[in-house]
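Content type mmCIF, C-alpha atoms and all ligand atoms, from the file entry.cif:
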```
data_my_file
loop_
_atom_site.label_atom_id
_atom_site.label_comp_id
_atom_site.auth_asym_id
_atom_site.auth_seq_id
_atom_site.Cartn_x
_atom_site.Cartn_y
_atom_site.Cartn_z
CA MET D 1 95.26 179.40 -18.27
CA ALA D 2 92.14 181.57 -17.77
CA THR D 3 91.00 182.54 -14.28
CA ILE D 4 88.81 179.96 -12.60
CA LYS D 5 85.26 181.05 -11.78
CA THR D 6 83.28 177.81 -11.76
CA ILE D 7 84.39 174.47 -10.33
CA GLY D 8 82.71 171.16 -11.18
CA ILE D 9 82.79 168.27 -8.73
CA LEU D 10 82.20 164.57 -9.31
CA THR D 11 82.65 161.19 -7.60
CA SER D 12 83.71 158.27 -9.79
CA GLY D 13 84.48 154.53 -9.64
CA GLY D 14 83.68 152.55 -6.50
CA ASP D 15 81.94 154.50 -3.76
CA ALA D 16 83.76 154.98 -0.47
CA PRO D 17 82.60 156.23 2.95
CA GLY D 18 83.74 159.83 3.35
CA MET D 19 83.02 160.83 -0.25
CA ASN D 20 80.12 162.94 1.03
CA ALA D 21 82.35 164.66 3.56
CA ALA D 22 84.71 165.45 0.67
CA ILE D 23 81.87 166.80 -1.53
CA ARG D 24 80.78 169.02 1.36
CA ALA D 25 84.29 170.31 1.99
CA VAL D 26 85.00 171.05 -1.69
CA THR D 27 81.64 172.80 -2.14
CA ARG D 28 81.82 174.91 1.01
CA ALA D 29 85.50 175.83 0.57
CA ALA D 30 84.84 176.81 -3.06
CA ILE D 31 81.83 178.98 -2.21
CA TYR D 32 83.71 180.50 0.75
CA ASN D 33 86.44 181.54 -1.72
CA GLY D 34 83.98 183.06 -4.18
CA PHE D 35 83.67 180.26 -6.75
CA ARG D 36 80.50 178.92 -8.31
CA VAL D 37 80.09 175.14 -7.86
CA MET D 38 78.46 172.66 -10.23
CA GLY D 39 77.62 169.14 -9.02
CA ILE D 40 78.08 166.47 -11.70
CA LYS D 41 76.01 163.30 -11.24
CA ARG D 42 77.25 159.71 -11.77
CA GLY D 43 80.91 160.52 -12.28
CA TYR D 44 82.13 160.95 -15.84
CA TYR D 45 78.77 159.68 -17.10
CA GLY D 46 77.11 162.89 -15.92
CA LEU D 47 79.79 164.93 -17.63
CA VAL D 48 79.32 163.08 -20.92
CA TYR D 49 75.50 163.12 -20.73
CA ASN D 50 75.05 166.54 -19.14
CA GLU D 51 73.70 165.62 -15.69
CA ILE D 52 74.98 168.81 -14.13
CA GLY D 53 73.38 171.25 -11.69
CA GLU D 54 74.45 174.14 -9.51
CA PHE D 55 75.32 173.49 -5.85
CA ASP D 56 74.91 175.97 -3.01
CA THR D 57 75.95 175.60 0.63
CA LYS D 58 72.62 173.91 1.46
CA SER D 59 73.10 171.26 -1.24
CA VAL D 60 75.69 169.65 1.01
CA SER D 61 73.93 170.09 4.37
CA ASN D 62 73.58 167.11 6.66
CA ILE D 63 75.73 164.73 4.58
CA ILE D 64 79.05 164.57 6.46
CA GLN D 65 77.83 161.53 8.42
CA GLN D 66 76.37 159.67 5.44
CA GLY D 67 78.11 156.81 3.61
CA GLY D 68 77.94 156.56 -0.19
CA THR D 69 77.84 159.67 -2.34
CA ILE D 70 74.97 162.09 -2.89
CA LEU D 71 76.36 162.76 -6.38
CA LYS D 72 76.09 159.01 -7.17
CA THR D 73 78.94 157.28 -8.90
CA ALA D 74 79.37 155.15 -12.00
CA ARG D 75 81.82 153.50 -14.31
CA CYS D 76 81.61 155.18 -17.70
CA LYS D 77 82.91 153.41 -20.81
CA GLU D 78 82.15 156.39 -23.06
CA PHE D 79 84.67 158.54 -21.17
CA THR D 80 87.47 156.17 -22.17
CA THR D 81 86.88 157.15 -25.81
CA VAL D 82 87.95 160.36 -27.59
CA GLU D 83 84.32 161.05 -28.61
CA GLY D 84 83.08 160.60 -25.04
CA ARG D 85 85.65 163.01 -23.64
CA ARG D 86 84.80 165.53 -26.38
CA ALA D 87 81.14 165.42 -25.29
CA ALA D 88 82.30 165.85 -21.68
CA TYR D 89 84.37 168.89 -22.63
CA GLU D 90 81.46 170.42 -24.56
CA ASN D 91 79.25 170.06 -21.49
CA MET D 92 81.90 171.72 -19.34
CA CYS D 93 81.91 174.66 -21.79
CA ARG D 94 78.09 174.76 -21.81
CA HIS D 95 78.08 175.21 -18.01
CA GLN D 96 81.18 177.42 -18.05
CA ILE D 97 83.03 174.99 -15.80
CA ASP D 98 86.72 176.01 -15.76
CA ALA D 99 88.09 173.42 -13.32
CA LEU D 100 87.19 170.01 -11.93
CA VAL D 101 87.62 168.24 -8.62
CA VAL D 102 87.51 164.47 -9.19
CA ILE D 103 87.03 162.16 -6.20
CA GLY D 104 87.81 158.54 -7.00
CA GLY D 105 90.34 155.76 -7.30
CA ASP D 106 93.11 154.78 -9.64
CA GLY D 107 90.95 154.58 -12.78
CA SER D 108 89.14 157.86 -12.12
CA LEU D 109 92.42 159.73 -11.67
CA SER D 110 93.90 158.10 -14.81
CA GLY D 111 90.86 159.37 -16.72
CA ALA D 112 91.36 162.81 -15.16
CA ARG D 113 95.00 162.89 -16.32
CA ILE D 114 94.09 162.03 -19.91
CA PHE D 115 91.21 164.54 -20.00
CA ALA D 116 93.33 167.33 -18.50
CA GLU D 117 96.11 166.76 -21.03
CA GLU D 118 93.73 166.58 -23.98
CA TYR D 119 91.84 169.82 -23.21
CA ASN D 120 94.28 171.74 -21.00
CA ILE D 121 91.82 171.73 -18.09
CA ALA D 122 92.69 172.35 -14.44
CA ILE D 123 91.81 169.20 -12.50
CA VAL D 124 92.58 168.33 -8.89
CA GLY D 125 91.96 164.82 -7.58
CA LEU D 126 91.06 163.44 -4.19
CA PRO D 127 91.87 159.78 -3.37
CA GLY D 128 88.44 158.26 -2.76
CA THR D 129 88.68 154.48 -2.48
CA ILE D 130 88.54 151.92 0.33
CA ASP D 131 91.52 150.03 -1.15
CA ASN D 132 94.25 152.52 -0.13
CA ASP D 133 96.01 151.65 -3.39
CA LEU D 134 97.15 155.08 -4.61
CA GLY D 135 100.64 156.51 -4.56
CA GLY D 136 101.41 159.84 -2.89
CA THR D 137 99.22 159.31 0.15
CA ASP D 138 99.42 157.32 3.36
CA SER D 139 95.67 156.87 3.38
CA THR D 140 92.71 157.23 1.04
CA ILE D 141 89.24 158.50 1.91
CA GLY D 142 87.17 155.47 2.98
CA TYR D 143 90.01 153.16 3.94
CA ASP D 144 89.76 153.71 7.69
CA THR D 145 85.99 153.14 7.72
CA ALA D 146 86.29 149.95 5.66
CA LEU D 147 89.03 148.68 7.97
CA ASN D 148 86.84 149.29 11.02
CA THR D 149 83.93 147.50 9.34
CA ILE D 150 86.17 144.49 8.70
CA VAL D 151 87.40 144.41 12.30
CA GLU D 152 83.86 144.58 13.64
CA ALA D 153 82.79 141.71 11.37
CA VAL D 154 85.82 139.54 12.21
CA ASP D 155 85.24 140.04 15.95
CA LYS D 156 81.77 138.55 15.47
CA ILE D 157 83.04 135.70 13.30
CA ARG D 158 85.63 134.94 16.00
CA ASP D 159 82.83 134.20 18.49
CA THR D 160 81.28 131.52 16.32
CA ALA D 161 84.66 130.21 15.11
CA THR D 162 85.75 129.65 18.71
CA SER D 163 82.48 128.05 19.76
CA HIS D 164 82.56 125.52 16.92
CA GLU D 165 86.34 125.08 16.74
CA ARG D 166 86.38 126.10 13.12
CA LEU D 167 88.73 127.60 10.61
CA PHE D 168 87.29 130.68 8.93
CA PHE D 169 88.48 132.29 5.73
CA VAL D 170 87.18 135.85 5.65
CA GLU D 171 87.38 137.48 2.23
CA VAL D 172 87.89 141.23 2.06
CA MET D 173 88.21 143.63 -0.86
CA GLY D 174 91.52 144.70 -2.42
CA HIS D 175 92.54 142.27 -5.17
CA MET D 176 95.34 144.62 -6.24
CA ALA D 177 96.40 145.78 -2.78
CA GLY D 178 96.51 143.91 0.49
CA TYR D 179 96.16 146.80 2.96
CA LEU D 180 92.65 145.86 4.07
CA ALA D 181 93.54 142.18 4.53
CA LEU D 182 96.87 142.82 6.24
CA ASN D 183 95.87 145.61 8.60
CA GLY D 184 92.48 143.96 9.13
CA ALA D 185 94.38 140.84 10.26
CA ILE D 186 96.56 142.82 12.67
CA ALA D 187 93.60 144.70 14.14
CA SER D 188 91.43 141.61 14.58
CA GLY D 189 94.17 139.27 15.79
CA ALA D 190 93.79 136.91 12.83
CA GLU D 191 96.20 134.03 12.32
CA ALA D 192 97.19 135.04 8.79
CA ALA D 193 96.55 137.37 5.89
CA ILE D 194 96.61 136.21 2.28
CA ILE D 195 97.52 139.23 0.17
CA PRO D 196 98.24 139.82 -3.51
CA GLU D 197 101.74 141.12 -2.75
CA MET D 198 102.85 137.72 -1.42
CA GLU D 199 102.46 134.23 -2.77
CA THR D 200 101.26 131.81 -0.15
CA GLU D 201 101.77 128.10 -0.72
CA ILE D 202 99.28 125.65 0.67
CA ASP D 203 101.80 124.12 3.11
CA GLN D 204 102.65 127.58 4.42
CA LEU D 205 98.96 128.16 4.91
CA ALA D 206 98.52 124.89 6.80
CA ASP D 207 101.35 125.90 9.09
CA LEU D 208 99.80 129.29 9.77
CA VAL D 209 96.40 127.80 10.37
CA SER D 210 97.65 125.05 12.68
CA ARG D 211 98.96 127.76 15.01
CA GLY D 212 95.44 128.82 15.78
CA PHE D 213 94.57 125.30 16.79
CA ARG D 214 97.76 124.69 18.76
CA LYS D 215 97.37 127.63 21.05
CA SER D 216 94.72 128.17 23.68
CA LYS D 217 92.33 129.36 20.98
CA ASN D 218 90.74 126.39 19.31
CA SER D 219 89.96 128.18 16.08
CA ALA D 220 91.69 130.14 13.36
CA ILE D 221 90.81 133.10 11.21
CA VAL D 222 92.56 133.93 7.96
CA LEU D 223 91.85 137.18 6.13
CA VAL D 224 92.01 136.77 2.35
CA ALA D 225 92.14 139.58 -0.21
CA GLU D 226 89.63 138.89 -3.00
CA ASN D 227 91.27 137.31 -6.02
CA PRO D 228 89.29 136.40 -9.13
CA GLU D 229 92.15 134.23 -10.43
CA THR D 230 92.54 131.93 -7.41
CA GLY D 231 88.93 132.10 -6.29
CA GLY D 232 89.83 134.09 -3.17
CA ALA D 233 88.59 132.70 0.14
CA MET D 234 86.33 130.16 -1.57
CA GLY D 235 89.24 128.80 -3.61
CA LEU D 236 91.48 128.53 -0.55
CA ALA D 237 88.82 126.83 1.56
CA GLU D 238 88.27 124.23 -1.15
CA ARG D 239 91.97 123.45 -1.27
CA VAL D 240 92.22 123.19 2.49
CA ARG D 241 89.17 120.91 2.67
CA ARG D 242 90.73 118.67 0.01
CA GLU D 243 94.23 118.54 1.44
CA PHE D 244 93.58 118.96 5.16
CA PRO D 245 90.16 117.42 5.84
CA GLU D 246 90.83 117.60 9.59
CA TYR D 247 89.91 121.29 9.49
CA ASP D 248 86.30 122.38 9.45
CA ALA D 249 86.87 125.25 7.00
CA ARG D 250 84.20 127.89 6.49
CA VAL D 251 84.05 131.01 4.34
CA THR D 252 82.60 134.47 4.92
CA ILE D 253 82.75 137.00 2.10
CA LEU D 254 82.28 140.52 3.44
CA GLY D 255 81.69 141.97 -0.04
CA HIS D 256 79.93 145.32 -0.40
CA LEU D 257 79.34 145.56 3.32
CA GLN D 258 82.85 147.05 3.37
CA ARG D 259 81.86 150.01 1.20
CA GLY D 260 78.91 151.15 3.28
CA GLY D 261 78.33 152.82 6.60
CA SER D 262 78.85 156.14 8.27
CA PRO D 263 82.47 157.30 7.85
CA THR D 264 84.74 157.18 10.89
CA ALA D 265 85.94 160.44 12.44
CA ALA D 266 89.35 159.84 10.83
CA ASP D 267 87.80 159.60 7.34
CA ARG D 268 85.59 162.66 7.91
CA ILE D 269 88.59 164.71 9.00
CA LEU D 270 90.74 163.43 6.13
CA ALA D 271 88.00 164.15 3.56
CA SER D 272 87.35 167.63 5.00
CA ARG D 273 91.04 168.57 5.01
CA MET D 274 91.65 167.19 1.51
CA GLY D 275 88.46 168.77 0.12
CA ALA D 276 89.38 172.22 1.40
CA GLN D 277 92.94 171.74 0.15
CA ALA D 278 91.67 170.96 -3.36
CA ILE D 279 90.33 174.52 -3.56
CA THR D 280 93.54 175.96 -2.11
CA ALA D 281 95.46 173.99 -4.74
CA LEU D 282 93.38 175.47 -7.57
CA ILE D 283 93.84 178.97 -6.14
CA GLU D 284 97.59 178.36 -5.93
CA GLY D 285 97.60 177.40 -9.61
CA GLN D 286 98.17 173.67 -9.05
CA ARG D 287 96.96 171.52 -11.92
CA ASN D 288 96.55 167.81 -12.43
CA VAL D 289 97.65 166.73 -9.00
CA MET D 290 96.09 164.51 -6.39
CA ILE D 291 95.88 165.73 -2.81
CA GLY D 292 97.51 163.21 -0.49
CA ILE D 293 98.55 162.99 3.13
CA ARG D 294 102.09 162.10 4.19
CA ASN D 295 103.04 162.01 7.86
CA GLY D 296 100.04 164.19 8.68
CA GLU D 297 100.87 166.85 6.07
CA LEU D 298 98.79 167.46 2.95
CA VAL D 299 100.88 167.05 -0.20
CA TYR D 300 100.40 167.22 -3.99
CA THR D 301 101.28 164.31 -6.28
CA PRO D 302 100.97 164.44 -10.09
CA PHE D 303 98.25 162.09 -11.36
CA ALA D 304 100.76 160.03 -13.31
CA GLN D 305 102.70 159.23 -10.13
CA ALA D 306 99.62 158.71 -7.95
CA THR D 307 98.22 156.09 -10.32
CA LYS D 308 101.50 154.35 -11.13
CA HIS D 309 101.90 153.25 -7.55
CA LYS D 310 102.91 149.66 -7.10
CA CYS D 311 101.82 148.67 -3.64
CA LYS D 312 104.69 148.31 -1.26
CA LEU D 313 103.35 146.94 1.95
CA ASP D 314 105.35 147.38 5.08
CA ALA D 315 107.29 144.12 5.52
CA THR D 316 107.21 144.54 9.29
CA ALA D 317 103.40 144.51 9.19
CA ILE D 318 103.51 141.08 7.53
CA GLU D 319 105.95 139.91 10.18
CA ILE D 320 103.72 141.28 12.95
CA VAL D 321 100.75 139.09 11.90
CA LYS D 322 103.05 136.05 12.00
CA MET D 323 104.75 136.94 15.25
CA LEU D 324 101.59 137.81 17.16
CA SER D 325 99.64 134.74 16.08
CA ILE D 326 101.92 132.14 17.74
P1 LIG Q 1 87.95 151.91 -7.44
O1 LIG Q 1 89.40 151.97 -7.00
O2 LIG Q 1 87.03 152.03 -6.31
O3 LIG Q 1 87.66 150.75 -8.35
P2 LIG Q 1 88.37 153.60 -9.73
O4 LIG Q 1 88.35 155.07 -9.86
O5 LIG Q 1 89.70 152.92 -9.89
O6 LIG Q 1 87.70 153.24 -8.34
P3 LIG Q 1 87.50 152.57 -12.30
O7 LIG Q 1 86.30 151.79 -12.64
O8 LIG Q 1 88.83 151.96 -12.58
O9 LIG Q 1 87.33 152.98 -10.77
O10 LIG Q 1 87.43 153.97 -13.07
C1 LIG Q 1 86.30 154.81 -12.97
C2 LIG Q 1 86.04 155.48 -14.28
O11 LIG Q 1 87.16 156.30 -14.66
C3 LIG Q 1 85.84 154.56 -15.47
O12 LIG Q 1 84.55 154.04 -15.55
C4 LIG Q 1 86.13 155.50 -16.66
O13 LIG Q 1 85.01 156.30 -16.92
C5 LIG Q 1 87.25 156.38 -16.08
N1 LIG Q 1 88.54 155.85 -16.53
C6 LIG Q 1 89.28 154.85 -16.00
N2 LIG Q 1 90.40 154.63 -16.71
C7 LIG Q 1 90.37 155.51 -17.75
C8 LIG Q 1 91.23 155.79 -18.85
N3 LIG Q 1 92.36 155.12 -19.04
N4 LIG Q 1 90.86 156.76 -19.72
C9 LIG Q 1 89.73 157.47 -19.53
N5 LIG Q 1 88.88 157.25 -18.52
C10 LIG Q 1 89.18 156.29 -17.63
#
```

Would you mind giving the structure from this file in structure tokens?
Amino acid sequence: MATIKTIGILTSGGDAPGMNAAIRAVTRAAIYNGFRVMGIKRGYYGLVYNEIGEFDTKSVSNIIQQGGTILKTARCKEFTTVEGRRAAYENMCRHQIDALVVIGGDGSLSGARIFAEEYNIAIVGLPGTIDNDLGGTDSTIGYDTALNTIVEAVDKIRDTATSHERLFFVEVMGHMAGYLALNGAIASGAEAAIIPEMETEIDQLADLVSRGFRKSKNSAIVLVAENPETGGAMGLAERVRREFPEYDARVTILGHLQRGGSPTAADRILASRMGAQAITALIEGQRNVMIGIRNGELVYTPFAQATKHKCKLDATAIEIVKMLSI
């Protein structure tokens, strides 16, 4: 493979707090090591439609504290086609981009794997998603911030739930992975978490909920991972209202609130370390790997493994929610 001189950077899929910190780290580390950097707008869309411009150190000034992504992000159908990826490759050649750093989730890194294999390109990925649903890393960029946003919201909902003696279903993101719901429940002292990894029957739910009303608290909060098939929190609340009319069940859907906001210190540090490591990886000759963190150490995981991850939640965490909500 030819020597790398120019590195392109893009953010793709759902935005996540800390993406800007990652863009800054990749750009600065690349320039520090003598590379030219090209910023690609709107994820793969900008690569296909040539929305590409040079970045210098000032392009990423004053962004570490900002949520969202200054490069914008998008979902790009064209890139899933052979013709779309050919156009993307031609634009890379036009700008003499020899390597890419892709910041995104499962889909973005799957696209990166296919593109890298098709055109023999050096690509390094960073896990940028609030869902924490990638293999090869204990945490993804944005997860910690989203978790803190959820906890802050649930603390507020708890005040009104207690005052009115109500049962609240709080819907959070993560329909394929229950990390946000489960750890959000632990951190906010919720009575239960309904997660995609575990089937919860209605009678089980009633039992969990009744705990909240039995103990000194006269309310209950259940965190529910979004689920288009069951209707998520809304679907559950309807069932509870039908089958257990004694509960005054209410629903709050946190929605896109969870994606926004200034990244936590933990996410800024993670994004900065991973971003700098992406450049080290390219210098070391690593190709088609995602940078992850395992027990505090930065590690490389091939895209295929990072995206094949089937979520395996810690069983003790599930037990903790149950045990601590008696
Ligand atoms: P999030 O986890 O936040 O949803 P994501 O990266 O998983 O982020 P996706 O919408 O799944 O988001 O993927 C982002 C983009 O990656 C897609 O719009 C598409 O351009 C590209 N992509 C996804 N899967 C493929 C694939 N199999 N082949 C080529 N490109 C793909």

Practice task
Would you mind telling me which residue in D:Ser188, D:Ser210, D:Asn20, D:Thr307 lies nearest to ligand LIG 1 (chain Q) when using only C-alpha atoms and all ligand atoms?
Solution key: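 Going through D:Ser188, D:Ser210, D:Asn20, D:Thr307 one by one, the smallest distance to ligand LIG 1 (chain Q) is for D:Thr307.
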
Problem - Test item: residues lying within 6 Å of ligand LIG 1 (chain Q) with all atoms listed in the file, as a list in words - result: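 Checking all atoms listed in the file against ligand LIG 1 (chain Q) at 6 Å gives Ser12, Gly13, Gly14, Tyr44, Arg75, Cys76, Lys77, Phe79, Thr80, Gly104, Gly105, Asp106, Gly107, Ser108, Ser110, Gly111 and Thr129 of chain D.
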
Handout entry: For D:Phe244: contacts at 12 Å, only C-alpha atoms, fewer than 2 positions along chain excluded, given as a count of residues only
Key = 19

Exercise for the section: Please identify all polymer residues lying at most 9 Å from the point (94.2, 172.0, -3.5) (file coordinates), using only C-alpha atoms, and present the result as a PyMOL selection string. Expected result: chain D and resi 124-125+274-287+289-291+299-300

Exercise for the section: Could you tell me how far atom CA of D:Gly189 lies from atom CA of D:Ala225, in Å and to one decimal? Expected result: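 According to the coordinates, atom CA of D:Gly189 and atom CA of D:Ala225 are separated by 16.1 Å.
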
Practice task
Using all atoms listed in the file, pick whichever of D:Ala16, D:Leu313, D:Gly260, D:Leu134 has the shortest atom-to-atom distance to D:Tyr179.
Solution key: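 Of the candidates, the smallest distance to D:Tyr179 is held by D:Leu313.
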
Handout entry: Length of the atom CA of D:Ile123 to atom CA of D:Val60 vector [Å]
Key =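 According to the coordinates, atom CA of D:Ile123 and atom CA of D:Val60 are separated by 21.0 Å.
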
Problem - Distance in Å - atom CA of D:Val151 versus atom CA of D:Gly184 - result: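 Separation between atom CA of D:Val151 and atom CA of D:Gly184: 6.0 Å.
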
As a CSV table (one decimal) with C-alpha atoms, in the coordinates of the input, please: the residues near D:Arg250 (cut-off 9 Å, all atoms listed in the file, same-chain neighbours under 5 positions excluded).
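What landed in out-v8.csv:
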```
chain,number,residue,atom,x,y,z
D,161,ALA,CA,84.7,130.2,15.1
D,166,ARG,CA,86.4,126.1,13.1
D,167,LEU,CA,88.7,127.6,10.6
D,168,PHE,CA,87.3,130.7,8.9
D,169,PHE,CA,88.5,132.3,5.7
D,170,VAL,CA,87.2,135.8,5.6
D,234,MET,CA,86.3,130.2,-1.6
D,237,ALA,CA,88.8,126.8,1.6
```

Exercise for the section: Kindly indicate which residue among D:Leu182, D:Met19, D:Ile157, D:Thr27 lies nearest to D:Ser61, using only C-alpha atoms for the distances. Expected result: D:Thr27

Exercise for the section: Tell me which protein, DNA and RNA residues are within 12 Å of D:Cys93, counting all atoms listed in the file, leaving out same-chain ones fewer than 6 positions away, and put them as a list of chain:residue names. Expected result: D:Thr6, D:Ile7, D:Gly8, D:Leu47, D:Val48, D:Asn50, D:Ile52, D:Arg86, D:Ala87, D:Ala99, D:Tyr119, D:Ile121

Exercise for the section: Extract, using all atoms listed in the file, all DNA, RNA and protein residues at most 12 Å from D:Asn62, discarding same-chain residues fewer than 5 positions from it, and format them as a ChimeraX atom specification. Expected result: /D:20-21,23-24,57,67,70

Problem - Contacts of D:Gly174 at 7 Å (all atoms listed in the file; same-chain gap of 5+ positions) as a list in words - result: Asp131, Leu180, Ala225 and Glu226 of chain D

Kindly export the residues of the current selection with C-alpha atoms, as a PDB file, keeping the file's coordinate frame.
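Generated output (out07.pdb):
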```pdb
ATOM      1  CA  ASP D 131      91.520 150.030  -1.150  1.00  0.00           C
ATOM      2  CA  LEU D 180      92.650 145.860   4.070  1.00  0.00           C
ATOM      3  CA  ALA D 225      92.140 139.580  -0.210  1.00  0.00           C
ATOM      4  CA  GLU D 226      89.630 138.890  -3.000  1.00  0.00           C
TER       5      GLU D 226
END
```

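Nearest residue to D:Gly142 among D:Gly53, D:Pro196, D:Gly261, D:Gly18 is D:Gly18, counting all atoms listed in the file.
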